[in-house]
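Quick look at data-v9.tsv (TSV, C-alpha atoms):
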chain	number	residue	atom	x	y	z
A	17	MET	CA	58.70	-66.24	264.47
A	18	ALA	CA	60.58	-63.98	262.05
A	19	HIS	CA	62.53	-61.15	263.60
A	20	PRO	CA	60.79	-57.77	263.02
A	21	CYS	CA	64.05	-56.21	261.84
A	22	ARG	CA	65.89	-56.88	258.62
A	23	PHE	CA	69.60	-57.55	259.13
A	24	LEU	CA	72.23	-56.97	256.50
A	25	ALA	CA	75.39	-58.86	257.45
A	26	PHE	CA	78.52	-58.19	255.41
A	27	ALA	CA	81.33	-60.74	255.74
A	28	ALA	CA	80.44	-61.25	259.41
A	29	LEU	CA	82.35	-58.09	260.33
A	30	PHE	CA	79.45	-56.04	261.59
A	31	THR	CA	75.69	-55.97	261.30
A	32	VAL	CA	73.47	-53.25	259.90
A	33	SER	CA	70.04	-53.29	261.52
A	34	ALA	CA	67.07	-51.77	259.75
A	35	CYS	CA	65.08	-51.52	262.96
A	36	ALA	CA	62.45	-48.97	263.77
A	37	ASP	CA	63.36	-49.44	267.45
A	38	THR	CA	67.09	-48.77	267.54
A	39	ASP	CA	67.42	-49.55	271.24
A	40	GLN	CA	66.78	-53.20	270.45
A	41	ALA	CA	69.82	-55.46	270.78
A	42	VAL	CA	71.33	-56.76	267.55
A	43	PRO	CA	72.14	-60.48	267.76
A	44	ALA	CA	75.52	-61.63	266.52
A	45	SER	CA	75.76	-64.57	264.17
A	46	SER	CA	77.72	-67.64	265.24
A	47	ALA	CA	80.49	-66.53	262.87
A	48	ASP	CA	80.55	-63.15	264.60
A	49	ARG	CA	80.94	-64.79	267.99
A	50	LEU	CA	83.77	-66.99	266.79
A	51	GLN	CA	85.73	-64.04	265.40
A	52	ALA	CA	84.95	-61.68	268.25
A	53	ARG	CA	87.31	-63.14	270.85
A	54	GLY	CA	90.37	-61.81	272.62
A	55	PRO	CA	91.25	-59.53	275.53
A	56	ASP	CA	90.57	-56.32	273.59
A	57	LEU	CA	87.28	-57.41	272.07
A	58	HIS	CA	85.23	-54.64	273.67
A	59	ALA	CA	87.85	-51.87	273.52
A	60	LEU	CA	86.62	-48.83	271.61
A	61	THR	CA	88.93	-46.19	270.12
A	62	VAL	CA	87.80	-42.95	268.49
A	63	ARG	CA	90.36	-40.72	266.80
A	64	LEU	CA	89.68	-37.19	265.60
A	65	LEU	CA	92.43	-37.13	263.02
A	66	ASP	CA	94.38	-33.91	262.63
A	67	VAL	CA	93.67	-33.27	258.94
A	68	GLY	CA	93.41	-29.47	258.96
A	69	GLN	CA	90.18	-27.56	258.40
A	70	GLY	CA	87.85	-30.52	258.03
A	71	ASP	CA	86.49	-33.62	259.70
A	72	ALA	CA	87.93	-37.15	259.69
A	73	ILE	CA	86.91	-39.40	262.59
A	74	LEU	CA	88.09	-43.01	262.83
A	75	VAL	CA	86.16	-45.46	265.02
A	76	GLN	CA	87.58	-48.92	265.82
A	77	ASN	CA	86.02	-51.66	267.93
A	78	GLY	CA	86.57	-55.41	268.04
A	79	GLY	CA	88.13	-55.58	264.58
A	80	SER	CA	85.58	-53.27	262.92
A	81	THR	CA	86.65	-49.93	261.47
A	82	VAL	CA	84.39	-46.98	260.57
A	83	LEU	CA	85.48	-43.66	259.04
A	84	ILE	CA	83.24	-40.61	259.35
A	85	ASP	CA	84.31	-38.06	256.73
A	86	GLY	CA	87.79	-37.81	255.25
A	87	GLY	CA	89.08	-34.27	255.63
A	88	PRO	CA	90.06	-31.77	252.94
A	89	ARG	CA	93.14	-33.41	251.37
A	90	PRO	CA	93.82	-36.98	250.19
A	91	GLU	CA	97.51	-36.77	251.12
A	92	SER	CA	96.67	-35.84	254.72
A	93	LEU	CA	94.28	-38.74	255.19
A	94	GLY	CA	96.79	-40.98	253.41
A	95	ARG	CA	99.45	-40.25	256.03
A	96	HIS	CA	97.06	-41.32	258.77
A	97	LEU	CA	96.10	-44.48	256.90
A	98	GLU	CA	99.77	-45.38	256.67
A	99	ALA	CA	100.53	-44.54	260.31
A	100	LEU	CA	97.58	-46.59	261.56
A	101	GLY	CA	98.39	-49.60	259.40
A	102	LEU	CA	95.16	-49.42	257.39
A	103	GLU	CA	96.73	-49.80	253.96
A	104	GLY	CA	95.81	-53.11	252.40
A	105	GLY	CA	93.08	-53.59	255.00
A	106	THR	CA	89.35	-53.12	255.34
A	107	ILE	CA	87.24	-50.15	256.33
A	108	ASP	CA	83.85	-51.61	257.11
A	109	ALA	CA	81.80	-48.44	256.85
A	110	VAL	CA	82.36	-44.91	255.57
A	111	ILE	CA	79.88	-42.14	256.34
A	112	LEU	CA	80.16	-38.90	254.37
A	113	THR	CA	78.06	-36.40	256.30
A	114	HIS	CA	77.55	-33.86	253.52
A	115	SER	CA	78.87	-32.66	250.18
A	116	HIS	CA	81.49	-30.12	251.25
A	117	ALA	CA	85.10	-30.59	250.19
A	118	ASP	CA	86.53	-30.39	253.72
A	119	HIS	CA	84.63	-33.59	254.48
A	120	TYR	CA	84.89	-35.62	251.25
A	121	GLN	CA	88.14	-34.73	249.46
A	122	GLY	CA	90.32	-37.02	251.58
A	123	LEU	CA	88.00	-39.97	251.00
A	124	ARG	CA	89.35	-40.27	247.47
A	125	GLU	CA	92.48	-41.77	249.04
A	126	LEU	CA	90.48	-44.79	250.20
A	127	PHE	CA	89.91	-45.75	246.58
A	128	ALA	CA	93.44	-45.06	245.33
A	129	THR	CA	94.84	-48.22	243.74
A	130	LYS	CA	98.09	-47.91	245.70
A	131	ARG	CA	96.25	-48.17	249.03
A	132	HIS	CA	94.57	-51.56	248.35
A	133	ILE	CA	91.80	-50.76	250.83
A	134	THR	CA	88.48	-52.61	250.87
A	135	VAL	CA	85.42	-50.47	251.71
A	136	ARG	CA	82.29	-52.46	252.54
A	137	TYR	CA	79.56	-49.86	253.16
A	138	PHE	CA	79.35	-46.23	252.07
A	139	TRP	CA	76.70	-43.72	253.19
A	140	GLU	CA	76.14	-40.22	251.80
A	141	ASN	CA	73.15	-38.04	250.94
A	142	GLN	CA	73.53	-38.55	247.16
A	143	GLU	CA	72.69	-34.93	246.37
A	144	PRO	CA	73.80	-33.63	242.97
A	145	SER	CA	77.01	-31.61	242.97
A	146	PRO	CA	78.88	-29.77	240.21
A	147	ASN	CA	82.21	-30.41	241.95
A	148	ILE	CA	84.40	-32.60	239.77
A	149	THR	CA	86.28	-34.10	242.73
A	150	LEU	CA	83.04	-35.33	244.29
A	151	THR	CA	82.05	-36.75	240.91
A	152	THR	CA	85.40	-38.57	240.78
A	153	LEU	CA	84.80	-40.02	244.26
A	154	ARG	CA	81.34	-41.17	243.27
A	155	ASP	CA	82.71	-42.77	240.11
A	156	SER	CA	85.13	-44.79	242.26
A	157	ILE	CA	82.25	-45.86	244.50
A	158	ALA	CA	80.10	-46.82	241.50
A	159	SER	CA	82.90	-48.97	240.13
A	160	ARG	CA	83.02	-50.99	243.35
A	161	ILE	CA	79.26	-51.27	243.51
A	162	ARG	CA	79.32	-52.88	240.08
A	163	THR	CA	81.82	-55.50	241.29
A	164	GLY	CA	79.64	-56.25	244.32
A	165	SER	CA	82.34	-55.34	246.83
A	166	LEU	CA	80.58	-52.28	248.26
A	167	VAL	CA	77.06	-51.54	249.50
A	168	TYR	CA	75.88	-47.96	248.92
A	169	ARG	CA	73.23	-46.23	251.03
A	170	SER	CA	71.63	-42.79	251.21
A	171	THR	CA	71.69	-41.04	254.57
A	172	TYR	CA	68.10	-39.97	253.82
A	173	ASP	CA	67.12	-43.67	253.92
A	174	PRO	CA	70.04	-45.18	255.83
A	175	CYS	CA	68.77	-48.77	255.93
A	176	ALA	CA	67.01	-48.61	252.55
A	177	ASN	CA	63.64	-49.46	254.08
A	178	GLY	CA	62.13	-46.08	254.95
A	179	THR	CA	63.03	-46.05	258.66
A	180	PRO	CA	64.75	-42.87	259.90
A	181	ILE	CA	67.41	-44.60	262.02
A	182	CYS	CA	69.84	-47.33	261.02
A	183	THR	CA	72.02	-49.10	263.56
A	184	VAL	CA	75.48	-50.36	262.68
A	185	SER	CA	76.70	-52.89	265.25
A	186	LEU	CA	80.46	-53.31	265.42
A	187	LYS	CA	82.29	-56.51	266.27
A	188	GLY	CA	83.16	-55.53	269.82
A	189	GLY	CA	79.61	-54.53	270.74
A	190	ALA	CA	79.70	-50.80	270.01
A	191	LYS	CA	76.84	-49.37	267.94
A	192	LEU	CA	76.41	-46.37	265.69
A	193	HIS	CA	72.89	-45.03	265.31
A	194	LEU	CA	72.83	-43.24	261.94
A	195	MET	CA	69.90	-40.78	261.89
A	196	ARG	CA	68.30	-39.32	258.80
A	197	PRO	CA	68.76	-35.54	258.38
A	198	ASP	CA	65.96	-33.16	257.44
A	199	PRO	CA	65.75	-33.47	253.62
A	200	ASP	CA	64.12	-30.02	253.43
A	201	ALA	CA	66.81	-28.22	255.40
A	202	ARG	CA	68.54	-25.19	253.94
A	203	GLY	CA	72.09	-25.78	252.75
A	204	ALA	CA	74.38	-28.79	252.81
A	205	ASN	CA	75.49	-28.23	256.41
A	206	ASN	CA	71.97	-28.61	257.72
A	207	ARG	CA	71.56	-31.84	255.77
A	208	SER	CA	74.26	-33.54	257.85
A	209	PRO	CA	72.92	-36.66	259.58
A	210	ALA	CA	73.27	-37.12	263.31
A	211	ILE	CA	75.29	-40.11	264.51
A	212	LYS	CA	75.20	-41.45	268.05
A	213	LEU	CA	78.07	-43.75	268.94
A	214	VAL	CA	77.33	-46.05	271.87
A	215	GLY	CA	80.16	-48.03	273.43
A	216	PRO	CA	79.87	-51.73	274.35
A	217	ASP	CA	79.08	-50.49	277.86
A	218	SER	CA	76.72	-47.60	277.19
A	219	ALA	CA	77.20	-46.26	280.72
A	220	SER	CA	80.92	-45.78	280.05
A	221	PHE	CA	80.95	-44.02	276.68
A	222	THR	CA	78.58	-42.36	274.23
A	223	MET	CA	79.31	-39.71	271.61
A	224	TRP	CA	77.27	-37.39	269.35
A	225	LEU	CA	78.55	-36.45	265.89
A	226	ALA	CA	76.50	-34.34	263.49
A	227	GLY	CA	78.88	-33.12	260.80
A	228	ASP	CA	78.40	-29.42	260.14
A	229	ALA	CA	74.81	-29.21	261.40
A	230	GLU	CA	73.72	-25.66	262.13
A	231	HIS	CA	70.85	-24.21	264.15
A	232	GLN	CA	68.10	-25.35	261.78
A	233	ALA	CA	69.27	-28.96	261.88
A	234	ILE	CA	69.93	-28.85	265.61
A	235	ASP	CA	66.37	-27.68	266.28
A	236	TRP	CA	65.02	-30.38	263.95
A	237	PHE	CA	66.93	-33.14	265.74
A	238	MET	CA	65.35	-32.10	269.03
A	239	SER	CA	61.82	-31.43	267.75
A	240	ALA	CA	60.37	-32.92	264.56
A	241	ALA	CA	62.84	-35.81	264.38
A	242	GLU	CA	62.28	-36.70	268.05
A	243	TYR	CA	65.84	-37.99	268.41
A	244	GLN	CA	65.70	-36.92	272.06
A	245	ARG	CA	63.22	-39.77	272.54
A	246	LYS	CA	64.90	-42.37	270.33
A	247	PRO	CA	67.77	-43.18	270.27
A	248	GLY	CA	68.24	-40.50	272.95
A	249	MET	CA	70.63	-37.56	272.76
A	250	ARG	CA	72.39	-37.50	276.12
A	251	VAL	CA	76.07	-38.37	275.60
A	252	SER	CA	79.49	-38.36	277.23
A	253	VAL	CA	81.28	-36.56	274.40
A	254	LEU	CA	80.15	-34.10	271.73
A	255	LYS	CA	82.01	-33.62	268.47
A	256	ALA	CA	81.56	-29.89	267.88
A	257	ASP	CA	79.13	-29.20	265.05
A	258	HIS	CA	80.60	-27.15	262.19
A	259	HIS	CA	84.15	-27.01	263.60
A	260	GLY	CA	83.19	-24.95	266.64
A	261	SER	CA	81.17	-22.35	264.77
A	262	CYS	CA	78.66	-20.39	266.83
A	263	ASN	CA	75.96	-21.48	264.38
A	264	GLY	CA	76.63	-25.09	265.43
A	265	VAL	CA	75.65	-24.80	269.08
A	266	THR	CA	72.81	-23.49	271.24
A	267	ASP	CA	72.14	-23.55	274.95
A	268	ALA	CA	69.13	-25.82	274.38
A	269	TYR	CA	71.28	-28.26	272.40
A	270	LEU	CA	73.83	-28.56	275.21
A	271	ASP	CA	71.04	-28.87	277.79
A	272	VAL	CA	69.78	-31.93	275.89
A	273	LEU	CA	73.17	-33.51	275.10
A	274	GLN	CA	74.77	-32.82	278.50
A	275	PRO	CA	78.29	-33.81	277.37
A	276	SER	CA	81.16	-33.86	279.81
A	277	LEU	CA	83.67	-33.12	277.01
A	278	LEU	CA	83.69	-31.44	273.61
A	279	VAL	CA	86.16	-32.22	270.82
A	280	ALA	CA	86.53	-30.15	267.67
A	281	SER	CA	88.09	-30.75	264.25
A	282	LEU	CA	89.51	-27.64	262.62
A	283	GLY	CA	92.57	-26.14	260.99
A	284	ALA	CA	95.09	-23.77	262.54
A	285	ALA	CA	94.45	-20.07	261.86
A	286	ASN	CA	91.55	-20.99	259.57
A	287	GLU	CA	89.89	-18.22	257.60
A	288	TYR	CA	86.48	-18.74	259.26
A	289	GLY	CA	87.50	-17.70	262.76
A	290	HIS	CA	86.72	-21.15	264.21
A	291	MET	CA	86.41	-21.72	267.09
A	292	HIS	CA	84.13	-18.72	267.40
A	293	ASP	CA	84.26	-16.75	270.61
A	294	GLN	CA	80.49	-17.13	271.06
A	295	ALA	CA	80.76	-20.92	270.78
A	296	LYS	CA	83.55	-21.10	273.35
A	297	ALA	CA	81.57	-18.87	275.69
A	298	THR	CA	78.57	-21.18	275.32
A	299	TYR	CA	80.65	-24.26	276.12
A	300	GLU	CA	82.14	-22.48	279.14
A	301	ARG	CA	78.70	-21.41	280.34
A	302	HIS	CA	77.73	-25.09	280.47
A	303	GLY	CA	81.00	-26.13	282.13
A	304	ILE	CA	82.14	-28.21	279.14
A	305	PRO	CA	85.92	-28.41	278.53
A	306	TRP	CA	87.25	-28.95	275.02
A	307	TYR	CA	90.14	-30.22	272.96
A	308	ARG	CA	90.71	-29.12	269.35
A	309	THR	CA	92.81	-30.68	266.62
A	310	ASP	CA	94.45	-27.43	265.50
A	311	GLN	CA	96.00	-26.91	268.94
A	312	ASN	CA	96.10	-30.47	270.31
A	313	GLY	CA	96.75	-32.56	267.18
A	314	THR	CA	94.95	-35.87	266.79
A	315	ILE	CA	92.59	-36.45	269.73
A	316	THR	CA	92.17	-40.07	270.84
A	317	LEU	CA	89.29	-41.27	273.02
A	318	ARG	CA	89.50	-44.79	274.44
A	319	SER	CA	87.01	-46.90	276.35
A	320	ALA	CA	87.64	-50.42	277.64
A	321	GLY	CA	83.98	-51.12	276.88
A	322	THR	CA	83.47	-53.02	280.11
A	323	ALA	CA	81.09	-52.21	282.94
A	324	GLY	CA	82.36	-49.55	285.29
A	325	SER	CA	85.27	-48.49	283.10
A	326	ALA	CA	85.96	-44.85	282.30
A	327	TYR	CA	87.02	-43.41	278.96
A	328	THR	CA	90.37	-41.72	278.55
A	329	VAL	CA	91.51	-38.81	276.37
A	330	SER	CA	94.98	-38.38	274.92
A	331	VAL	CA	96.31	-35.63	272.67
A	332	GLU	CA	99.56	-35.07	270.82
A	333	ARG	CA	100.29	-31.70	272.38
A	334	GLY	CA	98.88	-28.82	274.38
A	335	GLU	CA	96.23	-28.63	277.04
A	336	ARG	CA	92.46	-28.46	277.15
A	337	ASN	CA	90.44	-25.27	276.64
A	338	MET	CA	93.05	-23.74	274.35
A	339	SER	CA	92.26	-20.90	271.96
A	340	GLY	CA	93.69	-20.57	268.48
A	341	PRO	CA	95.39	-17.60	266.82
A	342	GLY	CA	92.52	-17.12	264.37
A	343	ASP	CA	89.62	-17.41	266.83
A	344	ARG	CA	87.28	-14.47	266.66
A	345	ARG	CA	83.76	-13.31	267.34
A	346	SER	CA	81.43	-14.15	264.47
A	347	ALA	CA	79.19	-11.52	262.88
A	348	GLN	CA	76.69	-14.13	261.62
A	349	ALA	CA	73.13	-13.02	262.29
A	350	GLU	CA	72.16	-16.34	263.89
A	351	CYS	CA	74.92	-15.84	266.46
A	352	PHE	CA	73.75	-12.44	267.68
A	353	GLY	CA	72.90	-12.46	271.34
A	354	MET	CA	74.99	-15.52	272.13

As structure tokens, what does this structure read like?
Amino acid sequence: MAHPCRFLAFAALFTVSACADTDQAVPASSADRLQARGPDLHALTVRLLDVGQGDAILVQNGGSTVLIDGGPRPESLGRHLEALGLEGGTIDAVILTHSHADHYQGLRELFATKRHITVRYFWENQEPSPNITLTTLRDSIASRIRTGSLVYRSTYDPCANGTPICTVSLKGGAKLHLMRPDPDARGANNRSPAIKLVGPDSASFTMWLAGDAEHQAIDWFMSAAEYQRKPGMRVSVLKADHHGSCNGVTDAYLDVLQPSLLVASLGAANEYGHMHDQAKATYERHGIPWYRTDQNGTITLRSAGTAGSAYTVSVERGERNMSGPGDRRSAQAECFGM
């Protein structure tokens, strides 16, 4: 009998599953099984790269590499690509959460001729933008689509079949559930998709990443989208929405996610006052410690991916629960009363 899901395999490096039921296991091909051997097969590494005021999160598992956003500057992402030995290699999937420069500008470095990097899948929301640098990035993507080397998807229809959730299965057994954002949400931030990263051993590591989602999107994830029910929202680690802004967290959101750790991507002494005092107070009220790239540098989360293992956290400097010199209380109306 035919499988009810449609699978899109690209070079046997990972599988994209267009399943309505994202909790269903994704079978590996025989080629996948042959390549997916070795002592570190299941090891999962997540790096929140220190790229300044922006997001750039690198996920690696069993030979698969995924990049979620690229930060605000190509040269900053380029330094990380060099340091991690990714030049001349392959990035299997890139997810651009929304059309703000602090998330997409650095991605132009992936397509720079000097880098010789292959990108296999690219997701974004495809919304029109007058920004010439985003147009340049999209031109680079279009060029690779024409050669057949890259598959392009909209986050509004992540598996190109009308289902709201698309599952990307990495070589070592980790999965990313890419969830459609609310297409009617106000502003680009609220049109960030939610991503749930599930380690090879789901009891050891899970992570929630939702770009710059604000209160409207957060409420939608938990209500109309029913992501609490499927794929489920409880996680080990939360990547702070909107760089630790108070409009990126609510008590109800943390009650549902129940993370044991929060990590935030932001720039030192940024002009927005991130992390906002109200956000930090909310995290503290729920007993959630945090690390932040402006004070701790690149934050690296590692999981062995085997039953009973624990994940570890390492930072380049500093301690947890640090404040930054530019942190302040926000005067945004949606943060009153927090």

Fill in the blank from the handout: Across A:Ala176, A:Leu112, A:Leu186, A:Val167, the smallest distance to A:Thr81, with all atoms listed in the file counted, is shown by A:Leu186

Practice task
Could you tell me how far atom CA of A:Met223 lies from atom CA of A:Pro275, in Å and to one decimal?
Solution key: 8.3 Å

List the neighbours of A:Thr152 out to 12 Å using only C-alpha atoms; skip same-chain residues closer than 2 positions along the sequence, and give me the result as a JSON list (two decimals) with C-alpha atoms, in the frame of the given file.
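To be explicit, this is the file written out as selection24.json:
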[["chain", "number", "residue", "atom", "x", "y", "z"],
["A", 120, "TYR", "CA", 84.89, -35.62, 251.25],
["A", 121, "GLN", "CA", 88.14, -34.73, 249.46],
["A", 122, "GLY", "CA", 90.32, -37.02, 251.58],
["A", 123, "LEU", "CA", 88.00, -39.97, 251.00],
["A", 124, "ARG", "CA", 89.35, -40.27, 247.47],
["A", 125, "GLU", "CA", 92.48, -41.77, 249.04],
["A", 127, "PHE", "CA", 89.91, -45.75, 246.58],
["A", 128, "ALA", "CA", 93.44, -45.06, 245.33],
["A", 145, "SER", "CA", 77.01, -31.61, 242.97],
["A", 146, "PRO", "CA", 78.88, -29.77, 240.21],
["A", 147, "ASN", "CA", 82.21, -30.41, 241.95],
["A", 148, "ILE", "CA", 84.40, -32.60, 239.77],
["A", 149, "THR", "CA", 86.28, -34.10, 242.73],
["A", 150, "LEU", "CA", 83.04, -35.33, 244.29],
["A", 154, "ARG", "CA", 81.34, -41.17, 243.27],
["A", 155, "ASP", "CA", 82.71, -42.77, 240.11],
["A", 156, "SER", "CA", 85.13, -44.79, 242.26],
["A", 157, "ILE", "CA", 82.25, -45.86, 244.50],
["A", 158, "ALA", "CA", 80.10, -46.82, 241.50],
["A", 159, "SER", "CA", 82.90, -48.97, 240.13]]

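With distances taken over all atoms listed in the file, A:Ser170 is the one residue among A:Ser170, A:Ser339, A:Ser239, A:Thr309 lying closest to A:His114.
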
Completion exercise
Counting only C-alpha atoms, closest pick from A:Ser208, A:Thr171, A:Ser325, A:Ser185 relative to A:Leu225 is A:Ser208

Taking all atoms of stretch 336-354 of chain A that the file lists and extending 5 Å past them on each side, where is the centre of the axis-aligned box and how long are its edges? Answer in Å to one decimal, as AutoDock Vina command-line options.
--center_x 83.8 --center_y -20.0 --center_z 269.4 --size_x 33.2 --size_y 26.9 --size_z 25.5

Exercise for the section: Kindly indicate which residue among A:Arg301, A:His193, A:His290, A:Arg318 lies nearest to A:Leu74, using all atoms listed in the file for the distances. Expected result: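 Going through A:Arg301, A:His193, A:His290, A:Arg318 one by one, the smallest distance to A:Leu74 is for A:Arg318.
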
Problem - Expected residue set, 12 Å radius at (62.6, -30.1, 263.6), only C-alpha atoms, as a PyMOL selection string - result: chain A and resi 196-201+206+231-244

Completion exercise
For A:Asn141, the closest of A:Arg207, A:Ser80, A:Arg95, A:Gly105 counting only C-alpha atoms is A:Arg207

Problem - 12 Å contact set for A:Gly101, only C-alpha atoms, chain neighbours under 4 positions out, as a VMD selection string - result: chain A and resid 81 94 to 97 105 to 107 131 to 133

Next, write the just-selected residues to a file, as an mmCIF file, in the frame of the given file, keeping C-alpha atoms as the atom set.
data_model
loop_
_atom_site.group_PDB
_atom_site.id
_atom_site.type_symbol
_atom_site.label_atom_id
_atom_site.label_comp_id
_atom_site.auth_asym_id
_atom_site.auth_seq_id
_atom_site.Cartn_x
_atom_site.Cartn_y
_atom_site.Cartn_z
ATOM 1 C CA THR A 81 86.650 -49.930 261.470
ATOM 2 C CA GLY A 94 96.790 -40.980 253.410
ATOM 3 C CA ARG A 95 99.450 -40.250 256.030
ATOM 4 C CA HIS A 96 97.060 -41.320 258.770
ATOM 5 C CA LEU A 97 96.100 -44.480 256.900
ATOM 6 C CA GLY A 105 93.080 -53.590 255.000
ATOM 7 C CA THR A 106 89.350 -53.120 255.340
ATOM 8 C CA ILE A 107 87.240 -50.150 256.330
ATOM 9 C CA ARG A 131 96.250 -48.170 249.030
ATOM 10 C CA HIS A 132 94.570 -51.560 248.350
ATOM 11 C CA ILE A 133 91.800 -50.760 250.830
#

Excluding stretch 258-260 of chain A and its own-chain neighbours fewer than 6 positions away, which residues fall within 9 Å of it when counting all atoms listed in the file? Please give them as a compact mmCIF listing (two decimals) with C-alpha atoms, in the frame of the given file.
# COMPACT_ATOMS: atom_id res chain seq x y z
CA GLN A 69 90.18 -27.56 258.40
CA GLY A 70 87.85 -30.52 258.03
CA ASP A 71 86.49 -33.62 259.70
CA ASN A 205 75.49 -28.23 256.41
CA ALA A 226 76.50 -34.34 263.49
CA GLY A 227 78.88 -33.12 260.80
CA ASP A 228 78.40 -29.42 260.14
CA ALA A 229 74.81 -29.21 261.40
CA GLU A 230 73.72 -25.66 262.13
CA VAL A 279 86.16 -32.22 270.82
CA ALA A 280 86.53 -30.15 267.67
CA SER A 281 88.09 -30.75 264.25
CA LEU A 282 89.51 -27.64 262.62
CA GLY A 283 92.57 -26.14 260.99
CA HIS A 290 86.72 -21.15 264.21
CA MET A 291 86.41 -21.72 267.09
CA HIS A 292 84.13 -18.72 267.40
CA ALA A 295 80.76 -20.92 270.78
CA LYS A 296 83.55 -21.10 273.35
CA ARG A 308 90.71 -29.12 269.35

Handout entry: Counting only C-alpha atoms, the option among A:Thr113, A:Ser276, A:Gln294, A:Thr151 closest to A:Gln348
Key =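 Closest to A:Gln348, using only C-alpha atoms: A:Gln294.
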
Problem - Atom-to-atom span, atom CA of A:Ala256 and atom CA of A:Thr183, Å - result: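 Separation between atom CA of A:Ala256 and atom CA of A:Thr183: 21.9 Å.
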
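Straight-line separation from atom CA of A:Leu65 to atom CA of A:Leu83: 10.3 Å.
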
Practice task
Identify the residues within 6 Å of coordinate (73.3, -39.9, 269.1) (same frame as the file), considering all atoms listed in the file, and give the answer as JSON, numbers by chain.
Solution key: {"A": [211, 212, 224, 249]}
